[in-house]
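Coordinates as given in final06.txt (compact mmCIF, C-alpha atoms):
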# COMPACT_ATOMS: atom_id res chain seq x y z
CA MET A 169 1.67 32.59 -13.02
CA THR A 170 0.74 30.15 -15.77
CA MET A 171 3.91 28.10 -15.20
CA VAL A 172 3.08 27.73 -11.51
CA GLY A 173 -0.42 26.52 -12.38
CA CYS A 174 0.98 23.91 -14.76
CA ALA A 175 3.51 22.66 -12.26
CA MET A 176 0.88 22.31 -9.56
CA ALA A 177 -1.50 20.48 -11.90
CA GLY A 178 1.01 17.61 -12.20
CA ARG A 179 0.78 16.61 -8.54
CA PRO A 180 -2.39 15.12 -7.04
CA THR A 181 -4.13 16.47 -4.00
CA LEU A 182 -3.33 14.71 -0.75
CA GLU A 183 -6.84 13.21 -0.72
CA GLN A 184 -6.49 11.89 -4.29
CA ALA A 185 -3.02 10.44 -3.65
CA ARG A 186 -4.33 8.64 -0.57
CA ALA A 187 -7.46 7.40 -2.39
CA ASP A 188 -5.36 6.07 -5.29
CA THR A 189 -3.02 4.30 -2.86
CA GLU A 190 -5.93 2.74 -0.97
CA ALA A 191 -7.43 1.57 -4.28
CA ALA A 192 -4.11 -0.09 -5.17
CA MET A 193 -4.04 -1.74 -1.73
CA GLN A 194 -7.64 -2.89 -2.15
CA ARG A 195 -6.71 -4.55 -5.44
CA ILE A 196 -4.10 -6.59 -3.55
CA ALA A 197 -6.51 -7.36 -0.69
CA ASP A 198 -9.07 -8.57 -3.26
CA GLU A 199 -6.60 -11.29 -4.29
CA ILE A 200 -6.91 -12.85 -0.83
CA ALA A 201 -10.03 -15.01 -1.11
CA GLY A 202 -12.28 -14.38 1.88
CA GLY A 203 -9.75 -11.99 3.41
CA VAL A 204 -10.92 -9.62 6.14
CA VAL A 205 -9.32 -6.16 6.05
CA GLU A 206 -8.44 -4.27 9.22
CA VAL A 207 -7.16 -0.71 8.77
CA ARG A 208 -4.24 -0.05 11.10
CA THR A 209 -3.58 3.67 10.84
CA PRO A 210 -0.10 4.52 12.11
CA ASP A 211 0.29 7.20 14.80
CA SER A 212 2.02 9.44 12.26
CA ALA A 213 -0.06 8.82 9.13
CA TYR A 214 1.40 11.79 7.22
CA LEU A 215 4.95 12.90 6.48
CA ALA A 216 5.90 16.28 5.06
CA CYS A 217 7.35 16.29 1.53
CA ASP A 218 10.28 18.46 0.53
CA GLY A 219 8.83 21.51 -1.20
CA GLY A 220 5.37 21.27 0.41
CA GLY A 221 2.60 18.73 0.56
CA TYR A 222 2.43 15.43 2.39
CA TYR A 223 2.88 11.70 1.95
CA SER A 224 0.14 9.48 3.35
CA ILE A 225 1.10 6.25 5.14
CA ASN A 226 -1.55 3.52 4.96
CA ARG A 227 -1.35 0.17 6.75
CA TRP A 228 -3.82 -2.69 6.49
CA ALA A 229 -3.84 -6.18 7.93
CA VAL A 230 -5.74 -8.76 5.90
CA THR A 231 -6.67 -11.99 7.65
CA PRO A 232 -7.03 -14.82 5.12
CA GLN A 233 -9.18 -17.91 5.35
CA PRO A 234 -7.68 -21.05 6.93
CA GLY A 235 -5.39 -22.96 4.60
CA PHE A 236 -3.91 -19.81 3.04
CA ASP A 237 -0.52 -20.46 1.42
CA GLY A 238 1.44 -17.23 1.87
CA GLU A 239 4.42 -18.27 -0.21
CA ALA A 240 2.26 -19.29 -3.18
CA PHE A 241 0.26 -16.06 -2.80
CA VAL A 242 3.37 -13.86 -2.99
CA GLU A 243 4.76 -15.84 -5.94
CA ALA A 244 1.53 -15.53 -7.97
CA LEU A 245 0.64 -11.97 -6.97
CA PRO A 246 2.72 -10.02 -9.54
CA GLY A 247 1.20 -11.95 -12.44
CA ARG A 248 -2.32 -11.43 -11.14
CA LEU A 249 -2.16 -7.67 -10.56
CA GLY A 250 -1.36 -6.42 -14.04
CA SER A 251 0.97 -3.84 -15.53
CA ASP A 252 0.15 -1.05 -13.04
CA TYR A 253 2.13 -3.01 -10.43
CA VAL A 254 5.88 -3.25 -11.08
CA ILE A 255 8.01 -5.34 -8.74
CA ALA A 256 10.41 -3.05 -6.89
CA GLU A 257 12.00 -5.95 -5.06
CA THR A 258 11.33 -9.42 -3.78
CA VAL A 259 12.29 -9.24 -0.14
CA ASP A 260 14.46 -12.07 1.13
CA ILE A 261 13.23 -12.44 4.71
CA LYS A 262 11.80 -15.36 6.64
CA SER A 263 8.26 -14.37 5.62
CA PRO A 264 7.11 -14.24 1.99
CA ALA A 265 7.18 -10.61 0.85
CA VAL A 266 7.26 -8.42 -2.24
CA ALA A 267 7.40 -4.66 -2.85
CA PHE A 268 5.71 -2.89 -5.76
CA ASN A 269 5.89 0.50 -7.42
CA HIS A 270 2.37 1.36 -8.60
CA ALA A 271 1.51 3.43 -11.67
CA SER A 272 -0.09 6.04 -9.37
CA GLY A 273 3.31 6.68 -7.76
CA ALA A 274 2.49 4.69 -4.62
CA VAL A 275 5.00 2.30 -3.08
CA LEU A 276 3.40 -0.89 -1.74
CA ASP A 277 4.87 -3.54 0.54
CA VAL A 278 3.18 -6.93 0.93
CA LYS A 279 4.34 -9.27 3.73
CA VAL A 280 2.82 -12.51 4.94
CA LEU A 281 3.33 -12.67 8.71
CA GLY A 282 2.57 -15.25 11.36
CA THR A 283 2.42 -18.97 11.62
CA GLU A 284 -0.05 -21.55 10.38
CA GLY A 285 -3.47 -20.77 11.83
CA ASP A 286 -2.44 -17.22 12.78
CA ILE A 287 -1.51 -15.63 9.45
CA VAL A 288 -2.01 -12.03 8.38
CA VAL A 289 -1.05 -10.29 5.15
CA ASP A 290 0.46 -6.93 6.07
CA LEU A 291 -0.09 -4.24 3.43
CA LEU A 292 1.82 -0.97 3.67
CA GLY A 293 1.15 1.78 1.16
CA LEU A 294 3.08 5.03 0.89
CA ALA A 295 1.13 7.48 -1.25
CA PRO A 296 3.01 9.85 -3.54
CA CYS A 297 3.41 13.43 -2.32
CA GLY A 298 0.09 15.26 -2.54
CA ASP A 299 -0.86 18.91 -2.22
CA GLY A 300 -2.89 19.96 0.76
CA GLU A 301 -2.94 19.62 4.52
CA PRO A 302 -3.64 16.39 6.43
CA PRO A 303 -6.97 16.20 8.19
CA ASN A 304 -7.03 16.93 11.92
CA GLU A 305 -7.10 13.55 13.61

Can you dump the structure from the file as C-alpha cells?
Amino acid sequence: MTMVGCAMAGRPTLEQARADTEAAMQRIADEIAGGVVEVRTPDSAYLACDGGGYYSINRWAVTPQPGFDGEAFVEALPGRLGSDYVIAETVDIKSPAVAFNHASGAVLDVKVLGTEGDIVVDLLGLAPCGDGEPPNE
C-alpha cells in the first residue's frame, strides 16, 4: 500500500497539471507586449492517458499590437523565457514557430499565424498526464 501511495504522489492532479500548463502559457503570452488573450478550448479538451488519468489540451490565441514582428518574437523567445523552457524543435513552416518542453512536463507550441495587420500568436499547451476526472463541460 505504501508503494502505491508513493507512485501516485509523483503525478500531479489533473487540475494542477492544467494550472501549471496555463501558467507556462501565460508566461509566453506575457512576452507579447499589449497582447490580448482569447481562450479557444478545443471540443475534446481532455485525452485519456495510458494507465489512468487525463491530459489537458489548452489553446489560446494572443492578438498582438500593430507592428508586431512575429519572426523576431520567435527568435528571441527562448532566451527570454529562462531555463524552464527547453526548445523541443524549431518548426520549419511558412509561419514563425517553436516548440518547447516545459519543466512542469507540459509541451508547448508557439506559432505566429496570419498576415500583416491580421496576426495572431497561437499557443497550444498539452499538460502532462494528471490524476482525476475531467470536469463535466

* From the list A:Cys217, A:Ala197, A:Val230, A:Ala191, which residue is nearest A:Asp252 when using only C-alpha atoms? ->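 Closest candidate: A:Ala191.
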
* Asked: So which one's closest to A:Asp237, A:Ile287, A:Ile225, A:Ala216, A:Val205? Using all atoms listed in the file, please.
  -> A:Ile287

* Quick one, how far is atom CA of A:Val288 from atom CA of A:Lys262? -> 14.3 Å

* To do: Rank nothing, just name the residue among A:Tyr214, A:Phe241, A:Thr181, A:Leu276 nearest to A:Ala201, using all atoms listed in the file.
  => A:Phe241

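You will find atom CA of A:Gly282 at 19.4 Å from atom CA of A:Ala244.
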
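Taking atom CA of A:Tyr223 and atom CA of A:Glu190 as endpoints, the distance between them is 12.9 Å.
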
* To do: Rank nothing, just name the residue among A:Leu182, A:Asn226, A:Leu215, A:Ile200 nearest to A:Val242, using only C-alpha atoms.
  =>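 Closest to A:Val242 of all the choices is A:Ile200.
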
* Of the listed residues A:Pro232, A:Pro246, A:Gly221, A:Pro210, that which approaches A:Glu301 most closely, counting all atoms listed in the file ->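 Going through A:Pro232, A:Pro246, A:Gly221, A:Pro210 one by one, the smallest distance to A:Glu301 is for A:Gly221.
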
A:Gln233 surroundings by all atoms listed in the file, 8 Å radius, close-in-sequence under 2 positions cut, as a PDB file with C-alpha atoms, in the coordinates of the input:
ATOM      1  CA  ALA A 201     -10.030 -15.010  -1.110  1.00  0.00           C
ATOM      2  CA  GLY A 202     -12.280 -14.380   1.880  1.00  0.00           C
ATOM      3  CA  GLY A 203      -9.750 -11.990   3.410  1.00  0.00           C
ATOM      4  CA  THR A 231      -6.670 -11.990   7.650  1.00  0.00           C
ATOM      5  CA  GLY A 235      -5.390 -22.960   4.600  1.00  0.00           C
ATOM      6  CA  PHE A 236      -3.910 -19.810   3.040  1.00  0.00           C
TER       7      PHE A 236
END

* Of the residues A:Ile196, A:Glu183, A:Asn304, A:Ala213, which is the one nearest to A:Val266, using all atoms listed in the file? ->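 The closest residue to A:Val266 is A:Ile196.
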
* Compile the contact shell of A:Val278 as a list of chain:residue names: residues with an atom at most 8 Å away, counting only C-alpha atoms, same-chain residues fewer than 4 positions apart removed. =>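 My reading of the contact set: A:Val242, A:Ala265, A:Val266, A:Ala267, A:Val289, A:Asp290, A:Leu291, A:Leu292.
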